[in-house]
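upload-v6.cif follows; it contains mmCIF, C-alpha atoms and all ligand atoms.
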```cif
data_protein
loop_
_atom_site.label_atom_id
_atom_site.label_comp_id
_atom_site.auth_asym_id
_atom_site.auth_seq_id
_atom_site.Cartn_x
_atom_site.Cartn_y
_atom_site.Cartn_z
CA MET A 1 64.47 2.66 92.45
CA ASN A 2 64.20 4.21 95.80
CA LEU A 3 67.18 5.57 97.68
CA TYR A 4 67.16 2.79 100.24
CA ARG A 5 67.37 0.07 97.54
CA LYS A 6 70.20 1.92 95.76
CA PHE A 7 72.22 2.13 98.96
CA SER A 8 71.66 -1.52 99.81
CA LEU A 9 72.78 -2.61 96.32
CA MET A 10 75.92 -0.45 96.57
CA ALA A 11 76.64 -1.85 100.03
CA VAL A 12 76.34 -5.42 98.73
CA PHE A 13 78.67 -4.59 95.83
CA ALA A 14 81.24 -2.98 98.17
CA LEU A 15 81.08 -6.02 100.45
CA GLY A 16 81.61 -8.25 97.42
CA LEU A 17 84.72 -6.31 96.42
CA PHE A 18 86.03 -6.48 99.96
CA ALA A 19 85.54 -10.23 99.98
CA VAL A 20 87.39 -10.52 96.69
CA GLN A 21 90.31 -8.53 98.08
CA TYR A 22 90.31 -10.56 101.28
CA HIS A 23 90.31 -13.73 99.20
CA LEU A 24 93.29 -12.37 97.29
CA LEU A 25 95.29 -11.77 100.41
CA THR A 26 94.55 -15.02 102.18
CA THR A 27 93.52 -18.17 100.36
CA TRP A 28 95.22 -17.26 97.10
CA TRP A 29 98.40 -16.17 98.82
CA VAL A 30 98.59 -19.00 101.32
CA GLN A 31 98.03 -21.67 98.70
CA GLY A 32 100.72 -20.03 96.61
CA VAL A 33 98.82 -20.85 93.47
CA ARG A 34 98.91 -18.17 90.91
CA SER A 35 95.25 -18.28 89.96
CA GLU A 36 93.10 -16.25 87.68
CA ALA A 37 90.14 -16.79 90.04
CA PRO A 38 90.09 -13.42 91.88
CA LEU A 39 90.38 -11.50 88.62
CA SER A 40 87.50 -13.44 87.07
CA VAL A 41 85.31 -12.84 90.13
CA VAL A 42 85.88 -9.10 89.83
CA ARG A 43 85.21 -9.28 86.10
CA LEU A 44 81.98 -11.24 86.71
CA SER A 45 80.76 -8.75 89.32
CA LEU A 46 81.43 -5.88 86.94
CA ASP A 47 79.63 -7.68 84.09
CA ARG A 48 76.59 -8.32 86.30
CA LEU A 49 76.68 -4.71 87.41
CA GLN A 50 76.66 -3.49 83.84
CA LEU A 51 73.76 -5.81 82.99
CA SER A 52 71.63 -4.04 85.59
CA PRO A 53 70.87 -0.63 84.08
CA GLU A 54 69.46 0.56 87.39
CA LEU A 55 72.64 -0.24 89.26
CA THR A 56 74.90 1.10 86.52
CA ALA A 57 73.07 4.35 86.67
CA ALA A 58 73.39 4.39 90.43
CA VAL A 59 77.09 3.59 90.44
CA SER A 60 78.42 6.00 87.92
CA GLN A 61 81.00 4.98 85.29
CA GLU A 62 83.55 7.15 87.11
CA HIS A 63 83.06 5.23 90.34
CA LEU A 64 83.37 1.93 88.57
CA ARG A 65 86.64 3.03 86.95
CA ARG A 66 88.06 4.02 90.36
CA ILE A 67 87.02 0.72 91.97
CA VAL A 68 88.65 -1.28 89.17
CA GLU A 69 91.82 0.81 89.46
CA GLU A 70 92.06 0.24 93.20
CA VAL A 71 91.53 -3.49 92.93
CA SER A 72 94.17 -3.86 90.22
CA GLN A 73 96.64 -1.80 92.26
CA GLN A 74 96.19 -4.12 95.21
CA MET A 75 96.72 -7.08 92.93
CA VAL A 76 100.03 -5.65 91.70
CA GLN A 77 101.16 -5.33 95.31
CA VAL A 78 100.21 -8.92 96.05
CA LEU A 79 101.64 -10.46 92.88
CA PRO A 80 105.38 -9.98 93.56
CA GLU A 81 104.89 -11.80 96.87
CA CYS A 82 103.07 -14.61 95.14
CA VAL A 83 105.42 -15.20 92.25
CA PRO A 84 108.31 -16.82 94.18
CA VAL A 85 105.88 -19.02 96.09
CA ALA A 86 104.24 -20.02 92.84
CA ALA A 87 107.63 -20.68 91.24
CA ALA A 88 108.68 -22.82 94.20
CA THR A 89 105.54 -24.94 94.12
CA THR A 90 105.57 -25.38 90.37
CA ALA A 91 109.36 -26.09 90.20
CA ARG A 92 110.16 -29.43 88.61
CA PRO A 93 111.08 -32.16 91.12
CA LYS A 94 114.87 -32.52 91.48
CA VAL A 95 116.23 -35.35 89.36
CA VAL A 96 118.68 -37.39 91.44
CA GLU A 97 121.59 -38.06 89.12
CA PRO A 98 123.53 -41.30 89.66
CA LEU A 99 127.03 -40.74 91.07
CA PRO A 100 129.86 -40.96 88.53
CA PRO A 101 132.45 -43.76 89.02
CA LYS A 102 134.38 -43.29 92.28
CA LEU A 103 137.94 -42.01 92.20
CA TYR A 104 140.52 -43.35 94.65
CA ILE A 105 143.24 -40.72 94.83
CA ILE A 106 146.49 -41.84 96.43
CA THR A 107 148.69 -38.99 97.68
CA PRO A 108 152.09 -39.75 99.20
CA THR A 109 153.33 -36.91 101.40
CA TYR A 110 156.00 -36.23 104.03
CA ARG A 111 156.91 -33.59 106.61
CA ARG A 112 158.89 -30.66 105.20
CA PRO A 113 158.42 -26.86 105.04
CA GLU A 114 156.42 -27.17 101.79
CA GLN A 115 154.03 -29.88 103.03
CA GLN A 116 151.34 -27.57 104.42
CA PRO A 117 151.11 -25.29 101.35
CA GLU A 118 151.25 -28.25 98.91
CA MET A 119 148.52 -30.12 100.77
CA THR A 120 146.40 -26.96 101.08
CA ARG A 121 146.58 -26.45 97.32
CA LEU A 122 145.84 -30.08 96.51
CA SER A 123 142.97 -30.36 99.01
CA GLN A 124 141.33 -27.24 97.65
CA THR A 125 141.62 -28.63 94.12
CA LEU A 126 140.01 -31.89 95.23
CA LEU A 127 137.14 -29.99 96.84
CA HIS A 128 135.96 -29.41 93.26
CA VAL A 129 135.87 -33.14 92.47
CA LYS A 130 132.87 -35.22 93.49
CA ASN A 131 132.72 -38.84 94.59
CA ILE A 132 136.32 -39.31 95.65
CA LYS A 133 138.10 -41.21 98.36
CA TRP A 134 141.36 -39.45 99.15
CA LEU A 135 144.03 -41.75 100.52
CA VAL A 136 146.65 -39.51 102.11
CA ILE A 137 149.62 -41.60 103.11
CA GLU A 138 152.48 -40.09 105.03
CA ASP A 139 156.06 -41.23 104.92
CA ALA A 140 156.21 -40.91 108.70
CA ALA A 141 156.08 -43.01 111.88
CA ALA A 142 152.82 -41.33 112.98
CA PRO A 143 150.27 -39.05 111.31
CA THR A 144 151.16 -35.33 111.38
CA PRO A 145 148.48 -33.51 113.47
CA GLU A 146 148.54 -30.48 111.11
CA ILE A 147 147.68 -32.78 108.19
CA THR A 148 144.91 -34.53 110.16
CA ARG A 149 143.40 -31.12 110.97
CA LEU A 150 143.70 -29.96 107.34
CA LEU A 151 141.97 -33.12 106.09
CA LYS A 152 139.13 -32.83 108.61
CA ARG A 153 138.57 -29.16 107.72
CA THR A 154 138.04 -30.00 104.03
CA GLY A 155 135.09 -32.33 104.56
CA ILE A 156 136.51 -34.61 101.84
CA ASP A 157 136.07 -38.36 102.36
CA PHE A 158 139.65 -39.28 103.29
CA GLU A 159 141.78 -41.99 104.84
CA HIS A 160 144.89 -40.80 106.65
CA LEU A 161 147.51 -43.56 106.79
CA VAL A 162 151.24 -43.82 107.39
CA ALA A 163 153.84 -45.88 105.54
CA PRO A 164 157.42 -44.93 106.41
CA MET A 165 160.11 -45.54 103.83
CA PRO A 166 161.99 -48.70 104.93
CA ALA A 167 165.26 -47.80 106.73
CA LYS A 168 167.39 -49.64 104.15
CA TYR A 169 166.26 -47.13 101.50
CA LYS A 170 166.07 -44.11 103.79
CA ASN A 171 169.67 -44.42 104.97
CA LYS A 172 171.00 -45.16 101.52
CA LYS A 173 173.03 -42.48 99.68
CA GLY A 174 171.88 -41.12 96.31
CA SER A 175 168.39 -41.25 94.79
CA LYS A 176 165.66 -42.83 96.89
CA PRO A 177 162.39 -44.54 96.06
CA ARG A 178 160.29 -41.49 97.08
CA GLY A 179 156.69 -42.15 97.97
CA VAL A 180 156.87 -45.86 97.10
CA SER A 181 156.00 -47.30 100.54
CA ASN A 182 153.10 -44.79 100.66
CA ARG A 183 151.73 -45.80 97.23
CA ASN A 184 152.04 -49.52 97.97
CA LYS A 185 150.07 -48.94 101.17
CA GLY A 186 147.42 -47.18 99.06
CA ILE A 187 147.30 -50.09 96.57
CA GLU A 188 146.87 -52.52 99.49
CA TRP A 189 144.04 -50.39 100.94
CA ILE A 190 142.26 -50.42 97.56
CA LYS A 191 142.69 -54.19 97.21
CA ALA A 192 141.15 -54.63 100.68
CA ASN A 193 138.36 -52.05 100.49
CA ALA A 194 137.39 -51.09 96.93
CA VAL A 195 135.34 -53.06 94.43
CA ASP A 196 135.15 -50.69 91.48
CA GLY A 197 136.01 -47.15 90.38
CA VAL A 198 139.37 -45.79 89.25
CA MET A 199 142.66 -45.18 91.08
CA TYR A 200 145.19 -42.41 90.52
CA PHE A 201 148.53 -41.42 92.09
CA ALA A 202 148.33 -37.68 92.81
CA ASP A 203 151.65 -36.51 94.27
CA ASP A 204 151.42 -33.43 96.49
CA ASP A 205 153.74 -31.32 94.30
CA ASN A 206 151.65 -31.21 91.10
CA THR A 207 149.05 -28.80 89.73
CA TYR A 208 145.82 -30.39 88.52
CA ASP A 209 143.15 -29.01 86.19
CA VAL A 210 139.97 -30.56 87.63
CA ARG A 211 138.88 -31.62 84.12
CA ILE A 212 141.42 -34.45 84.21
CA PHE A 213 139.63 -36.05 87.18
CA GLU A 214 136.32 -36.06 85.31
CA GLN A 215 137.99 -37.68 82.31
CA MET A 216 140.02 -40.30 84.19
CA ARG A 217 137.07 -41.59 86.24
CA HIS A 218 135.74 -43.42 83.14
CA THR A 219 138.97 -45.40 82.62
CA LYS A 220 138.26 -48.99 81.56
CA LYS A 221 141.80 -50.41 81.95
CA VAL A 222 144.61 -47.81 81.96
CA SER A 223 144.28 -44.25 80.68
CA MET A 224 147.05 -41.72 79.95
CA TRP A 225 147.51 -38.03 79.10
CA PRO A 226 150.31 -35.44 78.89
CA VAL A 227 152.04 -34.03 82.00
CA GLY A 228 153.80 -30.66 81.77
CA LEU A 229 157.03 -29.35 83.32
CA LEU A 230 159.05 -32.55 83.04
CA THR A 231 162.65 -32.97 81.87
CA LYS A 232 164.27 -30.89 79.14
CA PHE A 233 161.38 -31.73 76.79
CA GLY A 234 159.03 -29.80 79.06
CA LEU A 235 156.50 -32.63 79.06
CA SER A 236 155.97 -36.36 79.05
CA THR A 237 153.15 -37.82 76.93
CA PRO A 238 151.96 -40.69 74.79
CA VAL A 239 152.53 -39.91 71.09
CA VAL A 240 149.28 -39.97 69.11
CA LYS A 241 148.78 -40.06 65.33
CA ASN A 242 145.39 -40.28 63.62
CA GLY A 243 143.85 -40.91 67.04
CA LYS A 244 146.10 -43.94 67.66
CA PHE A 245 148.85 -44.57 70.23
CA ARG A 246 152.29 -44.51 68.53
CA GLY A 247 154.77 -44.52 71.44
CA PHE A 248 156.00 -42.27 74.23
CA TYR A 249 157.68 -38.85 74.29
CA ASP A 250 159.74 -38.38 77.48
CA GLY A 251 163.12 -36.82 78.21
CA TRP A 252 164.31 -39.99 79.91
CA ILE A 253 163.40 -43.26 78.18
CA ALA A 254 166.09 -45.46 79.85
CA GLY A 255 164.80 -48.66 78.27
CA ARG A 256 161.46 -48.37 80.05
CA LYS A 257 158.44 -50.09 78.50
CA PHE A 258 156.29 -47.31 80.01
CA PRO A 259 158.43 -44.13 80.08
CA VAL A 260 155.80 -42.04 81.85
CA ASP A 261 155.40 -39.86 84.93
CA MET A 262 153.50 -40.82 88.07
CA ALA A 263 150.83 -38.19 87.29
CA GLU A 264 150.34 -39.44 83.71
CA PHE A 265 148.01 -42.41 84.16
CA ALA A 266 144.97 -43.82 85.98
CA VAL A 267 143.92 -47.45 86.47
CA ASN A 268 140.49 -49.06 86.66
CA VAL A 269 140.01 -50.69 90.08
CA LYS A 270 138.28 -53.87 88.78
CA PHE A 271 141.17 -54.26 86.31
CA LEU A 272 143.66 -53.78 89.18
CA LEU A 273 141.88 -56.28 91.43
CA LYS A 274 142.28 -58.95 88.73
CA ARG A 275 146.06 -58.46 88.97
CA PRO A 276 147.20 -59.70 92.39
CA LYS A 277 150.85 -58.88 91.60
CA ALA A 278 150.08 -55.16 91.16
CA ALA A 279 152.69 -53.24 93.21
CA MET A 280 155.35 -50.55 92.88
CA PRO A 281 159.05 -51.52 93.00
CA TYR A 282 161.55 -49.69 95.27
CA LYS A 283 163.58 -48.77 92.21
CA PRO A 284 164.30 -45.03 91.84
CA GLY A 285 163.35 -43.78 88.40
CA PHE A 286 161.58 -47.03 87.47
CA GLU A 287 158.57 -46.89 89.83
CA GLU A 288 155.98 -46.01 87.16
CA ASP A 289 157.39 -48.52 84.67
CA GLY A 290 157.57 -51.26 87.31
CA PHE A 291 154.03 -50.64 88.50
CA LEU A 292 152.54 -50.58 84.98
CA LYS A 293 154.45 -53.78 84.11
CA SER A 294 152.97 -55.42 87.23
CA LEU A 295 149.55 -54.92 85.60
CA ALA A 296 150.41 -57.57 82.95
CA PRO A 297 148.78 -58.67 80.78
CA PHE A 298 148.61 -55.07 79.56
CA ASP A 299 150.25 -53.53 76.52
CA PRO A 300 150.91 -49.79 75.83
CA LYS A 301 148.77 -50.13 72.68
CA GLU A 302 145.73 -50.66 74.93
CA VAL A 303 146.14 -47.27 76.62
CA GLU A 304 143.03 -45.06 76.62
CA LEU A 305 144.09 -41.62 75.41
CA LEU A 306 142.57 -38.74 77.37
CA ALA A 307 142.95 -34.93 77.32
CA ASN A 308 141.55 -34.69 73.82
CA ASN A 309 143.73 -37.40 72.32
CA CYS A 310 146.68 -36.16 74.41
CA SER A 311 146.59 -32.69 72.81
CA GLU A 312 146.02 -30.77 76.08
CA ILE A 313 148.07 -30.43 79.26
CA LEU A 314 145.86 -30.76 82.34
CA VAL A 315 148.52 -31.76 84.90
CA TRP A 316 151.90 -30.17 85.67
CA HIS A 317 154.77 -31.37 87.85
CA THR A 318 155.00 -27.90 89.39
CA GLN A 319 157.31 -28.68 92.35
CA SER A 320 157.99 -26.08 95.01
CA LYS A 321 161.29 -24.42 95.68
CA LYS A 322 162.97 -26.31 98.54
CA ASN A 323 162.96 -24.18 101.68
CA PRO A 324 165.41 -24.45 104.57
CA PRO A 325 163.95 -25.44 107.96
CA SER A 326 162.67 -22.49 109.99
CA ALA A 327 165.39 -21.17 112.36
CA PRO A 328 164.65 -21.63 116.09
CA LEU A 329 162.93 -18.74 117.89
CA ASN A 330 164.39 -16.71 120.76
CA GLU A 331 161.50 -17.48 123.12
CA THR A 332 162.69 -15.01 125.79
CA LEU A 333 162.81 -12.12 123.36
CA TYR A 334 159.43 -13.00 121.79
CA LYS A 335 157.66 -14.20 124.97
CA ASP A 336 153.86 -13.68 124.82
CA THR A 337 153.87 -12.78 121.10
CA ASN A 338 152.14 -14.47 118.15
CA LEU A 339 155.51 -15.93 117.13
CA ILE A 340 155.30 -18.55 119.87
CA GLU A 341 152.12 -19.99 118.32
CA LEU A 342 153.32 -19.54 114.72
CA LYS A 343 156.59 -21.34 115.31
CA LYS A 344 154.76 -24.39 116.67
CA HIS A 345 153.51 -25.02 113.13
CA MET A 346 156.82 -24.47 111.36
CA VAL A 347 159.01 -27.26 110.08
C1 LIG B 401 158.72 -38.79 91.08
C2 LIG B 401 158.08 -40.07 91.62
O1 LIG B 401 157.21 -39.77 92.68
C3 LIG B 401 159.14 -40.98 92.12
O2 LIG B 401 158.57 -42.17 92.64
C4 LIG B 401 160.04 -41.27 90.96
O3 LIG B 401 161.16 -42.00 91.38
C5 LIG B 401 160.57 -40.00 90.33
O4 LIG B 401 159.54 -39.11 90.01
C6 LIG B 401 161.26 -40.30 89.04
O5 LIG B 401 160.59 -40.81 88.15
O6 LIG B 401 162.47 -40.05 88.94
P1 LIG B 401 159.83 -36.78 92.36
O7 LIG B 401 158.78 -35.94 91.81
O8 LIG B 401 161.19 -36.54 91.91
O9 LIG B 401 159.50 -38.29 92.11
O10 LIG B 401 159.80 -36.85 93.96
P2 LIG B 401 158.97 -36.03 94.99
O11 LIG B 401 158.02 -35.12 94.39
O12 LIG B 401 159.95 -35.50 95.98
O13 LIG B 401 158.19 -37.22 95.74
C7 LIG B 401 157.12 -37.91 95.15
C8 LIG B 401 155.99 -38.07 96.16
O14 LIG B 401 156.43 -38.84 97.27
C9 LIG B 401 155.49 -36.74 96.71
O15 LIG B 401 154.09 -36.76 96.82
C10 LIG B 401 156.19 -36.64 98.05
O16 LIG B 401 155.42 -35.91 98.99
C11 LIG B 401 156.37 -38.08 98.47
N1 LIG B 401 157.62 -38.32 99.20
C12 LIG B 401 158.81 -37.80 98.77
C13 LIG B 401 157.60 -39.06 100.35
O17 LIG B 401 156.54 -39.53 100.78
N2 LIG B 401 158.78 -39.28 101.04
C14 LIG B 401 159.97 -38.77 100.64
O18 LIG B 401 160.99 -38.98 101.31
C15 LIG B 401 159.98 -38.01 99.48
MN MN B 402 157.54 -34.55 92.48
#
```

Is it possible to express this structure as structure tokens?
Amino acid sequence: MNLYRKFSLMAVFALGLFAVQYHLLTTWWVQGVRSEAPLSVVRLSLDRLQLSPELTAAVSQEHLRRIVEEVSQQMVQVLPECVPVAAATTARPKVVEPLPPKLYIITPTYRRPEQQPEMTRLSQTLLHVKNIKWLVIEDAAAPTPEITRLLKRTGIDFEHLVAPMPAKYKNKKGSKPRGVSNRNKGIEWIKANAVDGVMYFADDDNTYDVRIFEQMRHTKKVSMWPVGLLTKFGLSTPVVKNGKFRGFYDGWIAGRKFPVDMAEFAVNVKFLLKRPKAAMPYKPGFEEDGFLKSLAPFDPKEVELLANNCSEILVWHTQSKKNPPSAPLNETLYKDTNLIELKKHMV
């Protein structure tokens, strides 16, 4: 083989390699397909080369080794770029899961020093619960702007309503029907707007383990579970034996058919809608019992037992220490300080 032919063969081979590399960096990369094609082209070229004794002799084994090394090095540099693209294109299509049954959470609340922290805590708990409608109902003449802002910040699907306690109860001495006008407003809203799902009374002074929301949303009629930090017994709960309802354990039975706490039960919305008399009585201490009785026909034996057959506490009636109202500020002394702004938000 003359020198000219040797050089032209080597030039063709070099051009081929260049094309392979170029192919690697463009088509293969852009398509994001992790393909064996460029490697097989190189392998094929090398095989052909070895089949031609003339060319093999011309391109020494040492040269061939170096060329192969260089190509594989370039491939290693390209591969990490390609892998995520390849993974993205080969990822399985996202399966759209159907939404779980909707939860209608009724929260009565009222203006006091503890309102903002209680509502902050509750809202940030509810941020972990999907498919909810949060009915926040204030015992007030008009919505509190701080609460409206808090609700909007969360991004939760909410309804901000007001339902002041009727004056005849408000001005009365002794225990009052706390949160009853609010809850009745919530029940009315559900009757007018909901068709299915589950409703729950979540007072603003409780602590909730989010697992209870996932369990209660499958309630068929009425479900129940233990609530901690109540009365001298430390809890209120259905009594369960061999997986069956056997009665109630509560520090204050008082002849109630349903001696339970407000946070202890959830009700199926379809079930509720079939009971037009469903409402809460303005009867301090007997609100839960009165409401559950208004769901007749319904017997305690039909209760669905949650929280692992009522063996776990997932809700606590925490309550906050009552704080005195914030003392007025000396606005002359603290003129132009942060205290002016801070005090605007104090109760
Ligand atoms: C709970 C129940 O919520 C009462 O309905 C029930 O009478 C009482 O237990 C009981 O079984 O003896 P309690 O926890 O003592 O009442 O009262 P709070 O926590 O002060 O109020 C309950 C809910 O109503 C809270 O979400 C609170 O923010 C709200 N509330 C309270 C009002 O909307 N207005 C008020 O004047 C007081
Ligand atoms: Mn309470």

Nearby polymer residues, ligand LIG 401 (chain B), at most 6 Å, only C-alpha atoms and all ligand atoms, as a list in words |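 Selection of residues at most 6 Å from ligand LIG 401 (chain B): Thr107, Pro108, Thr109, Tyr110, Glu138, Asp139, Pro177, Arg178, Gly179, Asp203, Asp204, Asp205, Met262, Pro284, Gly285 and Glu287 of chain A.
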
Please tell me which residues are no farther than 7 Å from (148.2, -36.7, 83.9) in the file, counting only C-alpha atoms, and write them as a list in words.
->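 Here is the list of nearby residues: Met224, Trp225, Pro226, Val227, Ala263, Glu264, Phe265, Leu314 and Val315 of chain A.
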
Hey, what's within 9 Å of Val136 (chain A) if we count all atoms listed in the file and toss same-chain stuff fewer than 4 positions away? As a list in words, please?
->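 These residues fall inside the cut-off: Ile105, Ile106, Thr107, Pro108, Thr109, Leu151, Phe158, Glu159, His160, Leu161, Val162, Asn182 and Gly186 of chain A.
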
Of the residues A:Pro98, A:Tyr200, A:Ile147, A:Pro166, which is the one nearest to Ile132 (chain A), using all atoms listed in the file?
-> A:Tyr200

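Distances to ligand MN 402 (chain B) were evaluated for A:Lys343, A:His317, A:Arg111, A:Lys274 using all atoms listed in the file, and the minimum falls at A:His317.
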
Restricting to all atoms listed in the file, whichever of A:Phe291, A:Tyr282, A:Leu329, A:Ala202 is closest to Glu341 (chain A) is A:Leu329

Coordinates-based distance that separates CA of Arg183 (chain A) from CA of Ile253 (chain A) (Å, one decimal) |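 For CA of Ile253 (chain A) relative to CA of Arg183 (chain A), the distance reads 22.5 Å.
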
Select, from A:Ala279, A:Val95, A:Met346, A:Leu229, the residue with the minimum atom-to-atom distance to ligand MN 402 (chain B), counting only C-alpha atoms and all ligand atoms.
-> A:Leu229

Which of A:Ala194, A:Leu339, A:Ile313, A:Leu230 sits closest to ligand MN 402 (chain B) [using all atoms listed in the file] |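 Looking only at the distances to ligand MN 402 (chain B), the closest residue turns out to be A:Leu230.
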
I'd like the neighbourhood of Lys220 (chain A) as an mmCIF file with C-alpha atoms, in the coordinates of the input, where a residue qualifies if any of its atoms comes within 9 Å (using all atoms listed in the file), though same-chain residues fewer than 3 positions away should be ignored.
```cif
data_model
loop_
_atom_site.group_PDB
_atom_site.id
_atom_site.type_symbol
_atom_site.label_atom_id
_atom_site.label_comp_id
_atom_site.auth_asym_id
_atom_site.auth_seq_id
_atom_site.Cartn_x
_atom_site.Cartn_y
_atom_site.Cartn_z
ATOM 1 C CA VAL A 198 139.370 -45.790 89.250
ATOM 2 C CA ARG A 217 137.070 -41.590 86.240
ATOM 3 C CA SER A 223 144.280 -44.250 80.680
ATOM 4 C CA VAL A 267 143.920 -47.450 86.470
ATOM 5 C CA ASN A 268 140.490 -49.060 86.660
ATOM 6 C CA VAL A 269 140.010 -50.690 90.080
ATOM 7 C CA LYS A 270 138.280 -53.870 88.780
ATOM 8 C CA PHE A 271 141.170 -54.260 86.310
ATOM 9 C CA GLU A 304 143.030 -45.060 76.620
#
```

With all atoms listed in the file counted, which protein, DNA or RNA residues have an atom no more than 12 Å from (145.5, -39.0, 67.7) in the file frame? Please answer as a list in words.
-> Trp225, Pro238, Val239, Val240, Lys241, Asn242, Gly243, Lys244, Phe245, Arg246, Gly247, Glu304, Leu305, Leu306, Ala307, Asn308, Asn309, Cys310, Ser311 and Glu312 of chain A

Of A:Asn171, A:Lys185, A:Gln124, A:Ser326, the one nearest to Met280 (chain A) when counting only C-alpha atoms is A:Lys185

Could you please determine the separation between CA of Asn131 (chain A) and CA of Phe213 (chain A) in Å, to one decimal place?
-> 10.5 Å

Atom pair CA of Ala142 (chain A) / CA of Gln116 (chain A): separation (Å) =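 According to the coordinates, CA of Ala142 (chain A) and CA of Gln116 (chain A) are separated by 16.3 Å.
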